Every structure is written in structure tokens, then in C-alpha cells.
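Down below is the structure, laid out as C-alpha cells.
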Amino acid sequence: MAIDGNKIIHAVMEGSRIREAKGIIPLFGVYLSLFSVHYYNRLSFEFEKKMGKTRETEAQALLIQAAQECGYATFQGIRNSWEWDEIVKPMIDQKEDQIEGFTAVAVAFGWGDLEVKKLIPDEKLVICVSDSYEAGGYLNQYDRAASGKCYMLRGVTGAFMDLIYGGDYPDGCFTFTADEPLCRAKGDPYCEFIAGKSPH
Amino acid sequence: MTLFDWKSELARKGHRVVLSGQPITMHCHHYNINLQKTLEDTLGDEGVQLLFDSVEQANYHGLKSLFSQYTQIKTLKSKLEMASILYQNSGFGVLHFHEIGPEGGKVYSPSSHHVTGWLAKHARRDTPGCHFARGWIAGALEAIFQYEPGHFVVDEQQCKMMRDEECLFTVNRRQR
């Protein structure tokens with residue numbers, strides 16, 4: 001059965017309207033929060049700027065790493081949640097289908113219009129996004145970028161592969177690494193994320 | 001009294017998520033805490049200040065826009081109530097504003113997304129760690145009193161990340 005993204009979006013939207021008296025949103029096995037995209041963009045891009053030219057690569061690596069670790073833990077929690085069991089699991093025929101399920105959750109979270117373009121099991125994942133909030137935010141605030149700016153989505157793409165092909169949790173994080181050869185922030189028509197085995 | 005219908009304000013525009021028309025995104029405690037730790041570990045106080053400034057700016061503009069949409073919300077009491085509802089419904093926890101005026105005041109937080117997330121991932125801290133909440137409070141009060149961002153300083157006197165009973169924030173005018 002194909003993954004019905006709309007069902008997942010509906011579940012996230014309904015679930016995110018429910019919170020306990022303490023103001024915490026426990027959904028899909030994680031504590032969720034809702035906040036302006038401007039916050040996340042400013043935090044990432046100004047962090048990069050403050051690190052300066054000499055530490056630019058380190059800044060980018062740290063942001064990708066923060067996202068990949070998050071994606072790895074978050075989607076592990078998500079696929080072990082009762083919501084996943086109830087809504088997504090019935091649509092999964094083979095383990096690769098989980099990637100479609102993860103992607104639908106990411107769309108539901110408002111990260112962009114993620115679309116899986118190619119999946120070679122245990123080897124390569126290609127995800128395209130024509131409206132990532134990171135690329136859009138960068139374009140609104142800064143001059144055209146010289147390199148990809150969607151650090152969160154880059155980390156998350158790697159995490160998706162880690163969870164499916166990286167071995168037992170929690171030892172599989174960073175088995176895969178993703179690049180962003182195309183990014184709207186540098187003038188490309190869409191952002192493209194390609195995950196492959198990490199070079200180590 | 002229901003100030004605004006939260007459930008209908010949270011909506012989708014295609015693949016985007018909006019709150020009262022403003023673009024938002026959903027992230028979980030793993031990402032929020034990872035970002036905070038990355039900034040603190042890499043830039044120290046400068047990273048903490050960047051986090052504070054980023055929340056302050058975003059919340060200032062967000063609430064300013066909300067107040068312009070909800071013109072029936074005029075009194076200080078109702079504006080503070082709206083800010084509390086927004087914080088709580090965004091999944092950040094609970095804020096109780098206390099003796100708030102144009103010069104500042106106190107804010108208590110018995111429950112927090114960042115505290116819950118931090119303790120789940122990193123256990124107890126030796127220093128206060130609710131930088132997100134400090135920035136959020138500053139931006140909220142600057143929008144309410146129609147000051148520019150940067151007007152208020154928010155300090156955290158007690159923090160649940162240090163195993164205090166609740167988080168306590170004091171708000172004062174920034175000394176220039």
C-alpha cells in the first residue's frame with residue numbers, strides 16, 4: 001500500500017492542537033513545539049556568520065550534525081509511537097516505505113514540500129524540496145548564497161537513511177551523510193539532498 | 001473569556017504551516033535542545049545572546065502582528081493573557097506574569113518544553129538554561145508595551161534545569 005501523506009498531515013495537525021495542562025505537546029513520541037520559521041533561520045544563519053569565514057565549514061558541520069542527531073532520535077521516537085502504529089504502520093509493506101512515512105511527517109511539520117525522488121536500498125536517497133523554509137528564509141534576508149543553506153534538511157536526509165540502513169539504534173547515526181548540490185538559496189530551482197554512505 | 005480561537009488560527013497553506021497567517025514550523029525537543037547546546041558549546045555567552053535575540057525578535061514581530069489582528073485585545077491584562085495562551089499552545093510550557101508594568105516585573109514558569117527537553121537529554125545543569133524563555137518574555141513584553149526589541153533585560157533567578165522548584169524570571173529596563 002502506498003503511504004497516504006494526507007492522513008499523516010491530518011494526524012499531526014489534529015495532534016498539535018492538543019496539549020496537556022502543562023503546555024507540553026507530546027506527539028508521535030516526542031515533545032513538539034510550534035514557532036516562527038524566522039527564529040530558526042536567524043539562529044542558523046547568524047550562527048554561521050558569527051563563526052566567521054575561517055570557521056564557516058565548522059559552523060555548517062555543527063548545524064548539520066545537530067539536525068542529523070535530532071532527526072535520528074526524533075524519527076526513532078516517531079516510528080515507535082502509538083500514532084505511527086495506528087496511522088502509518090498499516091500503510092507500510094517493506095522497510096523502505098518508512099522513508100515515505102518520515103517524509104510525510106516532515107511535510108506535516110512544515111519543513112517544506114519534501115519528495116522522495118530516488119531510493120537505492122542501503123546506498124542512496126535523493127529528496128527534492130521546492131519550498132524549504134531554510135532556503136526561502138535565506139533568500140529573504142541575505143544575498144544569493146555560494147553554497148547550500150538547508151542544514152536542517154540535509155541532516156535529516158542523512159538521518160532517514162541511518163534509521164533504515166544504519167544498524168541497530170542508537171549506534172547507526174552518521175552511517176550516512178547528505179549533501180545539498182542544489183539549493184534555491186544559491187539560485188537553483190529547487191533544493192536537492194543526496195544521502196550516501198559516510199566516507200569512513 | 002476566549003481571546004482568540006487557537007484551533008482555527010493554526011492552519012495549513014499547502015505544505016506550509018501558519019499561525020494567524022504567520023509562517024511557523026514544528027520542531028521537537030531534540031532539535032531545540034541540540035541547537036541551544038551547539039550555540040552554548042561553540043560560542044559561549046555570544047551564542048546564548050544570539051539565541052535570546054533570535055527568539056526576542058521573532059516573538060516581538062509575531063505578537064505585534066497578532067495584536068494588530070485582534071484589536072479587541074486592549075488591556076494589559078488581556079494582552080498578558082494572550083501571550084500566556086500563545087506560549088502554552090505553542091507547546092513551550094506555562095508562563096505566569098506577575099506585577100508586570102512598563103518597567104518590567106516577574107514571570108514564573110512551573111512547566112517548560114526546554115526544561116523537559118534539556119533534562120531528558122542532558123540531565124541537571126549548574127547554570128540557568130532557559131534562554132529561549134528569556135528571549136520570548138522580552139519580545140512579548142516589548143510588543144505589549146510597544147517598545148523596540150532590546151528594551152528589556154530578562155534574567156533567570158531560578159531554573160528547573162538546576163532542579164529549582166520553578167523557573168523565575170525578572171524583567172528590567174536595559175541600562176544604556
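Note on naming: chains are A, B, ... as they come in the C-alpha cells, residues start from 1 per chain, ligands start from 1 in the order shown.
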
Write out as a PDB file with C-alpha atoms, in the first residue's frame the residues lying within 8 Å of region 99-108 of chain B, counting only C-alpha atoms and excluding same-chain residues fewer than 4 positions away.
```
ATOM      1  CA  LEU B  95       4.159  31.342  31.998  1.00  0.00           C
ATOM      2  CA  PHE B 145       4.294  47.945  25.800  1.00  0.00           C
ATOM      3  CA  PHE B 152      14.104  44.736  28.325  1.00  0.00           C
ATOM      4  CA  GLU B 166      10.165  26.532  39.182  1.00  0.00           C
ATOM      5  CA  CYS B 167      11.813  28.974  36.820  1.00  0.00           C
ATOM      6  CA  LEU B 168      11.731  32.597  37.922  1.00  0.00           C
ATOM      7  CA  PHE B 169      12.497  35.439  35.549  1.00  0.00           C
ATOM      8  CA  THR B 170      12.972  39.098  36.425  1.00  0.00           C
ATOM      9  CA  VAL B 171      12.372  41.716  33.753  1.00  0.00           C
ATOM     10  CA  ASN B 172      14.012  45.134  33.866  1.00  0.00           C
ATOM     11  CA  ARG B 173      14.677  48.046  31.575  1.00  0.00           C
TER      12      ARG B 173
END
```

Cut-off 7 Å: closest chain B/chain A atom pairs per residue, using only C-alpha atoms, as CSV:
```
residue,atom,partner,partner_atom,distance
B:Lys7,CA,A:Arg17,CA,6.2
B:His15,CA,A:Asp113,CA,5.8
B:Arg16,CA,A:Gly110,CA,5.1
B:Val17,CA,A:Gly110,CA,5.2
B:Pro23,CA,A:Ser36,CA,6.0
B:Ile24,CA,A:Ser36,CA,4.2
B:Thr25,CA,A:Gly110,CA,4.9
B:Met26,CA,A:Leu34,CA,4.6
B:His27,CA,A:Ser33,CA,5.5
B:Cys28,CA,A:Leu32,CA,4.3
B:His29,CA,A:Tyr31,CA,5.6
B:His30,CA,A:Cys70,CA,5.0
B:Tyr31,CA,A:Cys70,CA,5.1
B:Asn34,CA,A:Ala66,CA,5.5
B:Leu35,CA,A:Ala66,CA,6.4
B:Leu50,CA,A:Leu43,CA,6.9
B:Leu51,CA,A:Leu43,CA,6.4
B:Ser54,CA,A:Tyr39,CA,5.4
B:Val55,CA,A:Tyr39,CA,5.8
B:Ala58,CA,A:Tyr39,CA,5.5
B:Gln88,CA,A:Gly23,CA,4.4
B:Asn89,CA,A:Gly23,CA,6.2
B:Ser90,CA,A:Leu34,CA,4.8
B:Gly91,CA,A:Ile24,CA,4.6
B:Phe92,CA,A:Gly23,CA,6.1
B:Gly93,CA,A:Gly23,CA,4.0
B:Val94,CA,A:Gly23,CA,5.7
B:Ser111,CA,A:Lys22,CA,5.7
B:His113,CA,A:Ile24,CA,6.1
```

Output file for the residues above (C-alpha atoms, as a PDB file, in the first residue's frame):
```
ATOM      1  CA  LYS B   7      -7.576  25.865  16.938  1.00  0.00           C
ATOM      2  CA  HIS B  15       2.627  22.394   2.660  1.00  0.00           C
ATOM      3  CA  ARG B  16       3.247  25.421   4.897  1.00  0.00           C
ATOM      4  CA  VAL B  17       2.011  25.688   8.471  1.00  0.00           C
ATOM      5  CA  PRO B  23       4.743  31.075   8.865  1.00  0.00           C
ATOM      6  CA  ILE B  24       5.683  28.654  11.603  1.00  0.00           C
ATOM      7  CA  THR B  25       7.264  25.246  11.777  1.00  0.00           C
ATOM      8  CA  MET B  26       7.105  22.353  14.203  1.00  0.00           C
ATOM      9  CA  HIS B  27      10.228  21.059  15.862  1.00  0.00           C
ATOM     10  CA  CYS B  28      10.734  18.722  18.767  1.00  0.00           C
ATOM     11  CA  HIS B  29      12.824  18.942  21.918  1.00  0.00           C
ATOM     12  CA  HIS B  30      15.711  17.051  20.289  1.00  0.00           C
ATOM     13  CA  TYR B  31      16.285  19.811  17.730  1.00  0.00           C
ATOM     14  CA  ASN B  34      20.604  20.439  20.151  1.00  0.00           C
ATOM     15  CA  LEU B  35      20.592  23.975  18.742  1.00  0.00           C
ATOM     16  CA  LEU B  50      22.223  35.067  19.733  1.00  0.00           C
ATOM     17  CA  LEU B  51      19.570  32.619  20.910  1.00  0.00           C
ATOM     18  CA  SER B  54      16.559  35.484  17.777  1.00  0.00           C
ATOM     19  CA  VAL B  55      13.607  34.495  19.973  1.00  0.00           C
ATOM     20  CA  ALA B  58      10.655  36.555  16.260  1.00  0.00           C
ATOM     21  CA  GLN B  88       1.170  27.382  26.188  1.00  0.00           C
ATOM     22  CA  ASN B  89      -0.485  26.479  22.898  1.00  0.00           C
ATOM     23  CA  SER B  90       2.843  26.594  21.082  1.00  0.00           C
ATOM     24  CA  GLY B  91       3.965  23.784  23.370  1.00  0.00           C
ATOM     25  CA  PHE B  92       6.566  25.852  25.249  1.00  0.00           C
ATOM     26  CA  GLY B  93       5.011  25.381  28.693  1.00  0.00           C
ATOM     27  CA  VAL B  94       3.334  27.713  31.168  1.00  0.00           C
ATOM     28  CA  SER B 111       6.469  23.921  33.249  1.00  0.00           C
ATOM     29  CA  HIS B 113       9.389  22.473  26.865  1.00  0.00           C
TER      30      HIS B 113
END
```

Near Gly135 (chain B), within 6 Å and counting only C-alpha atoms, which residues show up once chain neighbours fewer than 3 positions away are dropped, as number ranges by chain?
-> B: 52, 55-56, 132, 138

Export of the given selection (C-alpha atoms) as a PDB file, in the first residue's frame:
```
ATOM      1  CA  PHE B  52      17.984  35.278  23.136  1.00  0.00           C
ATOM      2  CA  VAL B  55      13.607  34.495  19.973  1.00  0.00           C
ATOM      3  CA  GLU B  56      13.049  38.063  21.105  1.00  0.00           C
ATOM      4  CA  PHE B 132      14.622  30.674  24.923  1.00  0.00           C
ATOM      5  CA  ALA B 138      11.412  40.055  26.394  1.00  0.00           C
TER       6      ALA B 138
END
```

Quick one: pick out all helix (DSSP H, G or I) residues within chain A from a backbone DSSP run and write them as a ChimeraX atom specification.
-> /A:5-15,37-51,53-79,82-91,97-108,133-141,151-165,184-186

For the residues in that selection, give me C-alpha atoms as a CSV table (one decimal), in the first residue's frame.
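Printed below is out03.csv as written:
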```
chain,number,residue,atom,x,y,z
A,5,GLY,CA,0.7,11.6,3.3
A,6,ASN,CA,-2.5,13.5,3.8
A,7,LYS,CA,-3.5,11.0,6.5
A,8,ILE,CA,-0.3,11.8,8.3
A,9,ILE,CA,-0.6,15.5,7.9
A,10,HIS,CA,-4.1,15.3,9.2
A,11,ALA,CA,-3.0,13.4,12.3
A,12,VAL,CA,-0.1,15.9,13.0
A,13,MET,CA,-2.4,18.9,12.6
A,14,GLU,CA,-5.0,17.4,14.9
A,15,GLY,CA,-2.4,16.2,17.4
A,37,VAL,CA,10.5,30.0,10.9
A,38,HIS,CA,12.3,33.3,11.2
A,39,TYR,CA,13.6,32.2,14.6
A,40,TYR,CA,15.2,29.0,13.3
A,41,ASN,CA,16.6,30.8,10.2
A,42,ARG,CA,18.1,33.6,12.1
A,43,LEU,CA,19.7,31.3,14.6
A,44,SER,CA,21.3,29.1,11.9
A,45,PHE,CA,22.5,31.8,9.6
A,46,GLU,CA,23.6,34.3,12.2
A,47,PHE,CA,25.5,31.5,14.0
A,48,GLU,CA,27.3,30.8,10.7
A,49,LYS,CA,28.0,34.5,10.3
A,50,LYS,CA,29.4,34.9,13.9
A,51,MET,CA,31.7,31.9,13.4
A,53,LYS,CA,34.9,32.8,7.3
A,54,THR,CA,37.6,30.8,8.9
A,55,ARG,CA,35.1,28.7,10.9
A,56,GLU,CA,32.4,28.6,8.2
A,57,THR,CA,32.8,24.9,7.4
A,58,GLU,CA,32.8,24.0,11.1
A,59,ALA,CA,29.6,26.0,11.6
A,60,GLN,CA,27.9,24.3,8.8
A,61,ALA,CA,29.0,20.9,10.0
A,62,LEU,CA,27.7,21.6,13.5
A,63,LEU,CA,24.3,22.7,12.2
A,64,ILE,CA,24.0,19.6,10.0
A,65,GLN,CA,25.2,17.4,12.9
A,66,ALA,CA,22.6,18.9,15.3
A,67,ALA,CA,19.9,18.2,12.8
A,68,GLN,CA,21.1,14.7,11.9
A,69,GLU,CA,21.2,13.7,15.6
A,70,CYS,CA,17.8,15.3,16.1
A,71,GLY,CA,16.4,13.5,13.1
A,72,TYR,CA,17.8,10.2,14.2
A,73,ALA,CA,16.3,10.5,17.7
A,74,THR,CA,13.1,12.2,16.6
A,75,PHE,CA,12.1,9.7,13.9
A,76,GLN,CA,13.2,6.8,16.0
A,77,GLY,CA,10.7,8.1,18.6
A,78,ILE,CA,8.1,8.7,15.9
A,79,ARG,CA,8.3,5.2,14.4
A,82,TRP,CA,1.4,4.6,19.1
A,83,GLU,CA,0.4,7.2,16.5
A,84,TRP,CA,2.8,5.6,14.0
A,85,ASP,CA,1.5,2.1,14.8
A,86,GLU,CA,-2.0,3.3,14.3
A,87,ILE,CA,-1.7,5.6,11.3
A,88,VAL,CA,1.4,4.9,9.4
A,89,LYS,CA,2.3,1.2,10.0
A,90,PRO,CA,-0.8,-0.2,8.2
A,91,MET,CA,0.5,1.6,5.1
A,97,ASP,CA,8.3,2.6,2.9
A,98,GLN,CA,9.3,4.1,6.2
A,99,ILE,CA,11.2,6.8,4.3
A,100,GLU,CA,8.0,7.9,2.7
A,101,GLY,CA,6.3,7.9,6.1
A,102,PHE,CA,9.2,10.0,7.6
A,103,THR,CA,8.9,12.4,4.7
A,104,ALA,CA,5.2,12.8,5.1
A,105,VAL,CA,5.8,13.7,8.8
A,106,ALA,CA,8.4,16.2,7.8
A,107,VAL,CA,5.9,17.8,5.4
A,108,ALA,CA,3.3,17.8,8.2
A,133,TYR,CA,11.8,27.3,4.8
A,134,GLU,CA,15.6,27.5,5.2
A,135,ALA,CA,16.3,28.3,1.6
A,136,GLY,CA,13.3,30.7,1.4
A,137,GLY,CA,14.4,32.4,4.7
A,138,TYR,CA,17.9,32.8,3.4
A,139,LEU,CA,16.8,34.4,0.2
A,140,ASN,CA,14.6,36.9,2.1
A,141,GLN,CA,17.4,38.0,4.4
A,151,TYR,CA,21.3,22.5,7.1
A,152,MET,CA,18.4,21.0,8.9
A,153,LEU,CA,17.0,19.1,5.9
A,154,ARG,CA,20.5,18.0,5.0
A,155,GLY,CA,21.0,16.4,8.4
A,156,VAL,CA,17.5,14.9,8.4
A,157,THR,CA,18.0,13.3,5.0
A,158,GLY,CA,21.1,11.5,6.4
A,159,ALA,CA,19.2,10.5,9.5
A,160,PHE,CA,16.4,8.9,7.4
A,161,MET,CA,19.0,6.5,5.9
A,162,ASP,CA,20.7,6.0,9.2
A,163,LEU,CA,17.5,4.7,10.7
A,164,ILE,CA,16.7,2.3,7.9
A,165,TYR,CA,20.2,1.0,7.0
A,184,ARG,CA,17.2,27.7,-4.0
A,185,ALA,CA,19.4,29.9,-1.8
A,186,LYS,CA,22.1,29.8,-4.5
```

What's the 10 Å shell around region 63-70 of chain B, counting only C-alpha atoms, without same-chain residues fewer than 5 positions away, as a list in words?
->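 Here the qualifying residues turn out to be Leu3, Phe4, Leu19, Ser20, Gly21, Gln22, Ala58, Lys79, Met82, Ala83, Leu86, Gly139, Ala140, Leu141, Glu142, Ala143, Ile144 and Gln146 of chain B.
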
Output C-alpha atoms of each residue in that selection to a file, as an mmCIF file, in the first residue's frame.
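In the end it all went to again-v1.cif:
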```cif
data_model
loop_
_atom_site.group_PDB
_atom_site.id
_atom_site.type_symbol
_atom_site.label_atom_id
_atom_site.label_comp_id
_atom_site.auth_asym_id
_atom_site.auth_seq_id
_atom_site.Cartn_x
_atom_site.Cartn_y
_atom_site.Cartn_z
ATOM 1 C CA LEU B 3 -9.458 35.753 23.462
ATOM 2 C CA PHE B 4 -8.878 34.028 20.203
ATOM 3 C CA LEU B 19 -0.444 30.540 12.877
ATOM 4 C CA SER B 20 -2.748 33.517 12.356
ATOM 5 C CA GLY B 21 -1.272 33.800 8.870
ATOM 6 C CA GLN B 22 2.369 33.818 10.030
ATOM 7 C CA ALA B 58 10.655 36.555 16.260
ATOM 8 C CA LYS B 79 -2.566 41.126 26.338
ATOM 9 C CA MET B 82 -2.997 36.245 25.174
ATOM 10 C CA ALA B 83 0.787 35.941 25.462
ATOM 11 C CA LEU B 86 0.235 31.642 22.838
ATOM 12 C CA GLY B 139 9.849 40.037 22.915
ATOM 13 C CA ALA B 140 6.349 39.585 24.326
ATOM 14 C CA LEU B 141 6.607 42.482 26.776
ATOM 15 C CA GLU B 142 8.230 44.766 24.203
ATOM 16 C CA ALA B 143 5.308 44.065 21.839
ATOM 17 C CA ILE B 144 2.785 44.635 24.643
ATOM 18 C CA GLN B 146 5.214 48.986 22.250
#
```

Go through B:Arg124, B:Leu43, B:Gln49, B:Glu9 and flag the residue nearest Asp164 (chain B), using only C-alpha atoms for the distances.
->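 Closest candidate: B:Arg124.
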
Strand (DSSP E) per DSSP on the backbone: members of region 1-120 of chain A, as a ChimeraX atom specification = /A:25-27,30-36,115-120
